[in-house]
Structures are given as structure tokens and as C-alpha cells.
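The next block is data06.txt, given as compact mmCIF, C-alpha atoms and all ligand atoms.
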```
# COMPACT_ATOMS: atom_id res chain seq x y z
CA MET O 1 6.46 -15.44 17.23
CA GLN O 2 8.67 -12.67 15.85
CA PRO O 3 8.10 -9.21 17.34
CA ARG O 4 6.06 -6.75 15.27
CA VAL O 5 7.92 -4.59 12.76
CA THR O 6 8.33 -1.01 13.96
CA THR O 7 9.86 2.15 12.51
CA SER O 8 13.15 1.26 14.28
CA THR O 9 13.12 -2.24 12.75
CA LEU O 10 12.91 -0.68 9.30
CA ILE O 11 15.74 1.80 9.91
CA LYS O 12 17.88 -1.06 11.25
CA MET O 13 17.09 -3.17 8.17
CA LYS O 14 18.35 -0.34 5.96
CA GLN O 15 21.54 -0.02 8.02
CA GLU O 16 22.13 -3.78 7.77
CA GLY O 17 21.35 -3.88 4.03
CA LYS O 18 18.32 -6.20 4.54
CA LYS O 19 15.61 -5.64 1.91
CA ILE O 20 12.18 -4.60 3.20
CA THR O 21 9.09 -6.38 1.82
CA ALA O 22 5.80 -4.50 1.54
CA LEU O 23 2.42 -5.18 -0.09
CA THR O 24 -1.05 -3.69 0.07
CA ALA O 25 -4.07 -5.38 1.65
CA TYR O 26 -7.63 -4.24 2.25
CA ASP O 27 -9.32 -7.01 4.26
CA PHE O 28 -8.86 -9.59 7.04
CA PRO O 29 -8.22 -12.80 5.03
CA PHE O 30 -5.59 -11.38 2.67
CA ALA O 31 -3.90 -9.39 5.45
CA GLY O 32 -3.67 -12.72 7.34
CA PHE O 33 -1.85 -14.34 4.39
CA LEU O 34 0.62 -11.44 4.24
CA ASP O 35 1.26 -11.43 7.98
CA LYS O 36 1.83 -15.20 8.11
CA ALA O 37 4.12 -15.01 5.06
CA GLY O 38 6.28 -12.47 6.92
CA ILE O 39 5.67 -9.31 4.87
CA ASP O 40 7.27 -6.43 6.80
CA ILE O 41 4.82 -3.63 5.89
CA VAL O 42 1.14 -4.01 5.01
CA LEU O 43 -0.17 -0.81 3.47
CA VAL O 44 -3.91 -0.26 3.32
CA GLY O 45 -3.45 1.79 0.17
CA ASP O 46 -5.98 4.13 -1.36
CA SER O 47 -5.48 1.88 -4.41
CA LEU O 48 -8.54 0.43 -2.63
CA GLY O 49 -10.54 2.77 -4.88
CA MET O 50 -9.24 1.09 -8.03
CA VAL O 51 -8.70 -2.59 -7.17
CA VAL O 52 -11.55 -3.13 -4.69
CA GLN O 53 -14.11 -0.44 -5.52
CA GLY O 54 -13.56 -0.61 -9.29
CA LYS O 55 -13.09 3.15 -9.76
CA GLU O 56 -10.83 4.82 -12.33
CA ASN O 57 -8.47 6.45 -9.83
CA THR O 58 -7.89 6.82 -6.08
CA LEU O 59 -9.50 10.24 -5.58
CA CYS O 60 -12.91 8.96 -4.49
CA VAL O 61 -11.73 7.06 -1.39
CA THR O 62 -13.07 8.54 1.87
CA MET O 63 -11.68 8.63 5.41
CA ASP O 64 -14.45 6.37 6.71
CA GLU O 65 -13.77 3.76 4.01
CA SER O 66 -10.03 3.85 4.74
CA ILE O 67 -10.64 3.44 8.48
CA TYR O 68 -13.07 0.54 7.85
CA HIS O 69 -10.53 -1.36 5.72
CA THR O 70 -7.52 -0.53 7.91
CA GLU O 71 -9.34 -1.86 10.96
CA MET O 72 -9.96 -5.22 9.23
CA VAL O 73 -6.32 -5.45 8.16
CA SER O 74 -4.95 -4.52 11.60
CA ARG O 75 -7.00 -7.27 13.21
CA ALA O 76 -5.16 -9.84 11.07
CA CYS O 77 -1.60 -8.57 11.55
CA ARG O 78 0.65 -9.71 14.40
CA TYR O 79 4.06 -9.36 12.72
CA SER O 80 3.58 -6.88 9.87
CA MET O 81 3.55 -3.14 10.46
CA VAL O 82 0.18 -1.74 9.31
CA VAL O 83 0.26 1.61 7.53
CA GLY O 84 -2.96 3.48 6.73
CA ASP O 85 -2.99 5.56 3.54
CA MET O 86 -4.42 9.04 4.04
CA PRO O 87 -7.00 9.63 1.29
CA PHE O 88 -7.16 12.62 -1.03
CA MET O 89 -8.28 15.80 0.79
CA SER O 90 -7.89 14.26 4.26
CA TYR O 91 -4.59 16.13 4.89
CA GLN O 92 -4.41 18.92 2.31
CA GLY O 93 -6.89 21.37 3.88
CA SER O 94 -5.57 22.32 7.31
CA LEU O 95 -2.96 20.97 9.72
CA ASP O 96 -5.55 20.44 12.46
CA ARG O 97 -7.70 18.36 10.15
CA ALA O 98 -4.68 16.38 8.97
CA VAL O 99 -3.71 15.54 12.56
CA GLU O 100 -7.30 14.65 13.45
CA ASN O 101 -7.59 12.34 10.41
CA GLY O 102 -4.11 10.85 10.87
CA GLY O 103 -4.91 10.15 14.51
CA ARG O 104 -8.01 8.15 13.52
CA PHE O 105 -5.80 5.55 11.80
CA LEU O 106 -3.96 4.84 15.07
CA LYS O 107 -6.85 5.35 17.48
CA GLU O 108 -9.76 3.70 15.64
CA ALA O 109 -8.13 1.43 13.06
CA GLY O 110 -5.10 -0.05 14.87
CA ALA O 111 -2.49 1.15 12.36
CA SER O 112 1.06 1.98 13.51
CA ALA O 113 1.65 4.73 10.94
CA VAL O 114 0.11 6.68 8.08
CA LYS O 115 1.28 7.38 4.53
CA LEU O 116 0.65 10.55 2.55
CA GLU O 117 1.64 11.79 -0.90
CA GLY O 118 3.81 14.78 -1.73
CA GLY O 119 7.30 16.20 -1.25
CA ALA O 120 8.39 19.63 -0.05
CA ASP O 121 4.77 20.85 -0.24
CA VAL O 122 3.51 18.45 2.46
CA CYS O 123 6.44 18.84 4.90
CA PRO O 124 4.45 21.03 7.35
CA VAL O 125 1.81 18.25 7.49
CA ILE O 126 4.45 15.57 8.11
CA THR O 127 5.97 17.61 10.94
CA ALA O 128 2.56 18.26 12.54
CA LEU O 129 1.65 14.56 12.42
CA VAL O 130 5.00 13.44 13.82
CA LYS O 131 4.73 16.04 16.61
CA ALA O 132 1.36 14.51 17.49
CA GLY O 133 3.00 11.05 17.77
CA ILE O 134 1.84 9.73 14.40
CA PRO O 135 4.68 8.12 12.38
CA VAL O 136 4.57 9.13 8.70
CA GLN O 137 5.67 7.34 5.57
CA ALA O 138 6.08 9.85 2.72
CA HIS O 139 5.38 9.09 -0.96
CA ILE O 140 7.09 11.00 -3.79
CA GLY O 141 7.53 10.70 -7.55
CA LEU O 142 4.39 9.51 -9.31
CA THR O 143 1.73 10.44 -6.76
CA PRO O 144 -1.62 9.02 -7.96
CA GLN O 145 -3.69 11.57 -6.00
CA SER O 146 -2.21 14.26 -8.31
CA VAL O 147 -3.20 12.37 -11.48
CA HIS O 148 -5.01 15.39 -12.93
CA GLN O 149 -2.20 17.80 -12.08
CA MET O 150 0.42 15.43 -13.61
CA GLY O 151 -1.72 14.91 -16.76
CA GLY O 152 -1.94 11.13 -16.19
CA PHE O 153 0.06 8.43 -14.41
CA LYS O 154 3.49 9.52 -15.66
CA VAL O 155 7.02 8.47 -14.73
CA GLN O 156 8.76 11.35 -12.90
CA ARG O 157 12.26 12.26 -14.11
CA ASP O 158 13.20 15.64 -12.57
CA GLU O 159 16.20 14.31 -10.63
CA GLU O 160 17.07 17.42 -8.62
CA ARG O 161 13.45 18.04 -7.61
CA LEU O 162 12.99 14.40 -6.58
CA LEU O 163 16.20 14.44 -4.55
CA LYS O 164 15.13 17.66 -2.82
CA ASP O 165 11.65 16.22 -2.08
CA ALA O 166 13.24 13.11 -0.58
CA ARG O 167 15.63 15.12 1.60
CA ASP O 168 12.83 17.46 2.68
CA VAL O 169 10.44 14.70 3.79
CA GLU O 170 13.27 13.04 5.73
CA LYS O 171 14.06 16.36 7.44
CA ALA O 172 10.35 16.89 8.20
CA GLY O 173 10.36 13.62 10.19
CA ALA O 174 9.15 10.85 7.85
CA PHE O 175 10.41 7.39 8.92
CA SER O 176 10.39 6.06 5.34
CA VAL O 177 9.53 7.18 1.83
CA VAL O 178 7.78 5.41 -1.05
CA LEU O 179 9.40 6.16 -4.43
CA GLU O 180 6.88 5.56 -7.23
CA GLY O 181 7.43 5.70 -11.00
CA ILE O 182 11.02 6.93 -10.91
CA PRO O 183 13.87 5.76 -13.19
CA SER O 184 16.20 3.34 -11.44
CA PRO O 185 19.39 5.50 -11.38
CA ILE O 186 17.49 8.37 -9.69
CA SER O 187 15.91 6.17 -7.00
CA THR O 188 19.29 4.54 -6.34
CA ARG O 189 20.83 8.00 -5.84
CA ILE O 190 17.98 9.02 -3.51
CA THR O 191 18.32 5.79 -1.53
CA LYS O 192 22.05 6.41 -1.00
CA ALA O 193 21.41 10.03 0.04
CA LEU O 194 18.88 9.20 2.80
CA ASN O 195 19.13 7.65 6.26
CA ILE O 196 15.49 6.54 6.17
CA PRO O 197 14.49 3.51 4.06
CA THR O 198 13.09 3.96 0.55
CA ILE O 199 10.35 1.60 -0.64
CA GLY O 200 10.11 1.41 -4.41
CA ILE O 201 7.22 0.74 -6.77
CA GLY O 202 8.25 1.07 -10.39
CA ALA O 203 11.52 2.53 -9.14
CA GLY O 204 14.01 -0.27 -9.82
CA PRO O 205 16.09 -2.54 -7.57
CA GLY O 206 18.20 0.14 -5.88
CA CYS O 207 15.59 0.95 -3.21
CA ASP O 208 15.77 -0.41 0.36
CA GLY O 209 12.50 -2.31 -0.17
CA GLN O 210 9.73 -3.00 -2.66
CA ILE O 211 5.96 -2.66 -2.61
CA LEU O 212 3.29 -3.81 -5.08
CA VAL O 213 -0.49 -3.67 -5.13
CA LEU O 214 -1.62 -7.13 -3.95
CA HIS O 215 -4.45 -7.49 -6.47
CA ASP O 216 -2.00 -6.79 -9.32
CA MET O 217 0.76 -9.18 -8.23
CA LEU O 218 -1.64 -12.02 -7.41
CA GLY O 219 -3.65 -11.57 -10.63
CA ILE O 220 -6.95 -10.96 -8.81
CA ASN O 221 -8.21 -8.37 -11.31
CA ASP O 222 -7.80 -8.37 -15.06
CA ARG O 223 -7.22 -4.60 -15.16
CA PHE O 224 -4.34 -3.04 -17.13
CA LEU O 225 -1.03 -3.71 -15.36
CA PRO O 226 1.83 -1.21 -15.48
CA LYS O 227 5.22 -2.43 -16.82
CA PHE O 228 6.73 -2.75 -13.34
CA VAL O 229 4.19 -5.30 -12.04
CA LYS O 230 5.29 -8.93 -11.94
CA LYS O 231 2.36 -11.34 -11.65
CA TYR O 232 3.32 -13.96 -9.02
CA ALA O 233 0.00 -15.86 -9.21
CA ASP O 234 -3.14 -15.99 -11.33
CA ILE O 235 -5.97 -16.04 -8.81
CA ALA O 236 -8.52 -14.87 -11.39
CA GLN O 237 -7.83 -17.98 -13.47
CA VAL O 238 -8.19 -20.33 -10.46
CA ALA O 239 -11.41 -18.56 -9.40
CA ASN O 240 -12.88 -18.71 -12.91
CA GLN O 241 -12.11 -22.44 -13.15
CA GLY O 242 -13.74 -23.12 -9.77
CA LEU O 243 -16.83 -21.10 -10.65
CA ALA O 244 -17.23 -22.84 -14.02
CA SER O 245 -16.99 -26.28 -12.31
CA TYR O 246 -19.58 -25.28 -9.70
CA ILE O 247 -22.04 -24.09 -12.35
CA LYS O 248 -21.52 -27.28 -14.38
CA GLU O 249 -22.00 -29.58 -11.36
CA VAL O 250 -25.09 -27.79 -10.03
CA ARG O 251 -26.69 -27.81 -13.47
CA SER O 252 -25.91 -31.50 -14.02
CA GLY O 253 -26.98 -32.50 -10.50
CA THR O 254 -23.58 -33.93 -9.55
CA PHE O 255 -23.26 -31.43 -6.67
CA PRO O 256 -24.09 -32.06 -3.87
CA SER O 257 -23.03 -35.71 -3.98
CA ASP O 258 -23.38 -38.12 -0.99
CA GLU O 259 -20.40 -36.77 0.94
CA TYR O 260 -21.92 -33.27 1.13
CA GLU O 261 -25.31 -34.42 2.47
CA TYR O 262 -26.62 -34.74 6.07
CA LYS O 263 -27.83 -38.31 6.62
O1 LIG O 301 -2.34 3.19 -2.65
C1 LIG O 301 -1.40 2.39 -2.79
O2 LIG O 301 -1.58 1.18 -2.93
C2 LIG O 301 -0.06 2.94 -2.79
C3 LIG O 301 1.07 2.02 -3.12
C4 LIG O 301 1.00 1.61 -4.51
C5 LIG O 301 2.39 2.59 -2.76
O3 LIG O 301 0.12 4.09 -2.55
```
Conversion result in C-alpha cells:
Amino acid sequence: MQPRVTTSTLIKMKQEGKKITALTAYDFPFAGFLDKAGIDIVLVGDSLGMVVQGKENTLCVTMDESIYHTEMVSRACRYSMVVGDMPFMSYQGSLDRAVENGGRFLKEAGASAVKLEGGADVCPVITALVKAGIPVQAHIGLTPQSVHQMGGFKVQRDEERLLKDARDVEKAGAFSVVLEGIPSPISTRITKALNIPTIGIGAGPGCDGQILVLHDMLGINDRFLPKFVKKYADIAQVANQGLASYIKEVRSGTFPSDEYEYK
């Protein structure tokens, strides 16, 4: 078995020009698929609120829910690095609270790192977490927890601000940074300017790695998909077909047939 991905593995991959693969997962069976497939980073994203809980945005997700899902995911992962996503208001209030909440992901849920949203504004939090021994993945650009402040899920184009945010989170101690909803030339420039790996989502091919929301790329939900999502499978269609066959066979009495009976 290959050794588990660590922060040093990811830095080395950037140095060697090897692309990093990342996806989200929220439960044991899907995390198992990702781990066995060799996905480098499994993020237990707060997209949980939208794709699992059926809410309109990510703001509702709580610490206890995030810990519950991260724990299930960690139990399935042997190779992939598990990153727990710090929910809205779990790190914005005070540094002590941020460290306490960040620590729960490592201590109770088996994650190796946490992710949080924001640039220059969250640098003191990143530094406090790193000082406490909690590796941090930053997340800049389109930050869904600021949906109301941004006036919707909007592509971010302020190149100098984005570059400064990226440099600041690196200086604060982040081991990696997610670039979301950023035009390709800007994310390429950021990627070249940093020593830590960039993981893009809707940020073009110039990043060191890519991440997508699992339920979007596998076609599990029929929710609106942003332009950057490629659907690699249509699980909803397979599930709907299976369910329709089951209903038909139970109603017609053809299930259970002989082979599914105890004699
Ligand atoms: O919550 C999430 O799934 C994320 C990724 C989309 C980066 O933050």
C-alpha cells in the first residue's frame, strides 16, 4: 500500500510538476471509493449543506455535523489526506475558539488538516492554528461562506487583491490554497508566485491540482451545475432506472423470484 499523502507529499508534487487530485466526500462508502481510486486529498467540504442536506448555501453547517461526517470519511481513508472544512462562524469569532474547533477535526474526527475561507483577513487564524500543530489549507477567490457579502456566487477578478491574499496565506503558514472562481490567467500567475500548491475549482488548468464537489461530478444530484463542472458519471440516472425496475417487479410479483428465496 502507498503511504498516506501528507503536506510534504503535496509540496513535493508541486516541485516535481505532478498534478494533485482532490474531491469532496461526506460518508464512509464514497470516501472508500476515492481512497481506493488514489485521490490525493479528500475534503469533507461544507458543500455538505448543499449537496447532502439540500440547503441553499453552506452557512447552516455546524461544527458537530462537520465532525460527524469527517469521522466517517477518515475511517475509510488509508491513502488520501483527509481535510476537514471549518464551517461558517467556527473560526471567525476568536482565535481561541478557532483553535479549539480546528483541533476537534484532528482529535475527534481523524483529519490531517483543516480548510478555511478568506485571504489577508484570516491570516491571524491560520497562524494560530499552525502554531497549535493544525495544518491549514486556505481558500481564496469565490468563498461561498461570504455569499451575502459578495452579492451571490460571483467569479472574482481583482488580480492584485487575489495575488496579495495568496501571498499572505502562504506567509501565514498555509500548506496549500484552494483557488475558487478565478479567471485562468490570474490563477496561473498565483500558482507561479507561490511555493505552496494551489488547488483550483473553476480556476482553469494552470493550478497545481483540481478539486470538484463529488455529487456534482458524479451526477448524484440534479441541482444547477456551474460552468466549470464536468459530469464524469450519471449516478442519478442509474439510480432512477434501478428504482423504477424494483417498483415494476414488486408490483408485478416477479421479485423475489426463486433465487432470492430461502428454501
Ligand atoms: O465545501 C467545499 O466543497 C469546498 C470545495 C468546493 C473547495 O470548499
Original post:
Residues within 6 Å of ligand LIG 301 (chain O) (only C-alpha atoms and all ligand atoms), as a VMD selection string?
Top reply: chain O and resid 24 45 to 47 212 to 213
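Between CA of Ser112 (chain O) and CA of Asn221 (chain O) the interatomic distance comes to 28.4 Å.
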Original post:
What residues have an atom no more than 10 Å from (-11.3, 7.7, -2.8) in the file's own frame, counting all atoms listed in the file, and can you write them as number ranges by chain?
Top reply: O: 46-50, 53, 55-63, 65-66, 86-89, 145
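The smallest atom-to-atom distance between Lys14 (chain O) and any of O:Arg251, O:Lys192, O:Lys115, O:His215, using all atoms listed in the file, is found for O:Lys192.
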Subject >> 7 Å contact set for Ala25 (chain O), all atoms listed in the file, chain neighbours under 2 positions out, as a list in words >> reply: Leu23, Asp27, Phe30, Ala31, Val42, Leu43, Val44, Val73 and Leu214 of chain O
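The shortest atom-to-atom distance to Val83 (chain O), with all atoms listed in the file taken into account, belongs to O:Thr7 out of O:Lys230, O:Thr7, O:Lys36, O:Cys123.
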Original post:
Between O:Asn240, O:Asn101, O:Ser8, O:Thr191, which is the closest to Ile134 (chain O) once you count only C-alpha atoms?
Top reply: O:Asn101
**OP:** Might you pull out every residue within 10 Å of Glu159 (chain O), with only C-alpha atoms counted and same-chain residues fewer than 6 positions away left off, and present them as a PyMOL selection string?
**Re:** chain O and resi 141+165+182-183+185-187+189-190
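Atom to atom, CA of Met1 (chain O) and CA of Arg78 (chain O) stand 8.6 Å apart.
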Original post:
So what do you get for CA of Gly118 (chain O) versus CA of Gly209 (chain O), distance-wise?
Top reply: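 Calculated distance between CA of Gly118 (chain O) and CA of Gly209 (chain O) is 19.2 Å.
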Subject >> Selection near Ile220 (chain O), 7 Å with all atoms listed in the file, sequence-local residues under 3 positions removed, as a ChimeraX atom specification >> reply: /O:215-216,234-236
Original post:
Which one of O:Thr70, O:Gln237, O:Thr143, O:Thr188 sits closest to Gly204 (chain O) if you count all atoms listed in the file?
Top reply: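 Nearest to Gly204 (chain O): O:Thr188.
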Subject >> Minimum-distance residue to Gly200 (chain O), chosen among O:Leu243, O:Ile20, O:Ala111, O:Leu10 (using only C-alpha atoms) >> reply: O:Ile20
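For the residues O:Thr21, O:Gln241, O:Gln156, O:Asn195, ranking by smallest atom-to-atom distance to Ser176 (chain O) using all atoms listed in the file places O:Asn195 first.
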**OP:** For Gly102 (chain O), work out the shell of residues within 10 Å, counting only C-alpha atoms and skipping chain neighbours fewer than 5 positions away, then give it as a PyMOL selection string.
**Re:** chain O and resi 63+84-86+90-91+96-97+107+111+113-116+129-130+132-136
Subject >> Residues near Glu108 (chain O), cut-off 8 Å, only C-alpha atoms, skip fewer than 2 positions along chain, as a list in words >> reply: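 After dropping sequence-adjacent residues, the list is Ile67, Glu71, Arg104, Phe105, Leu106 and Gly110 of chain O.
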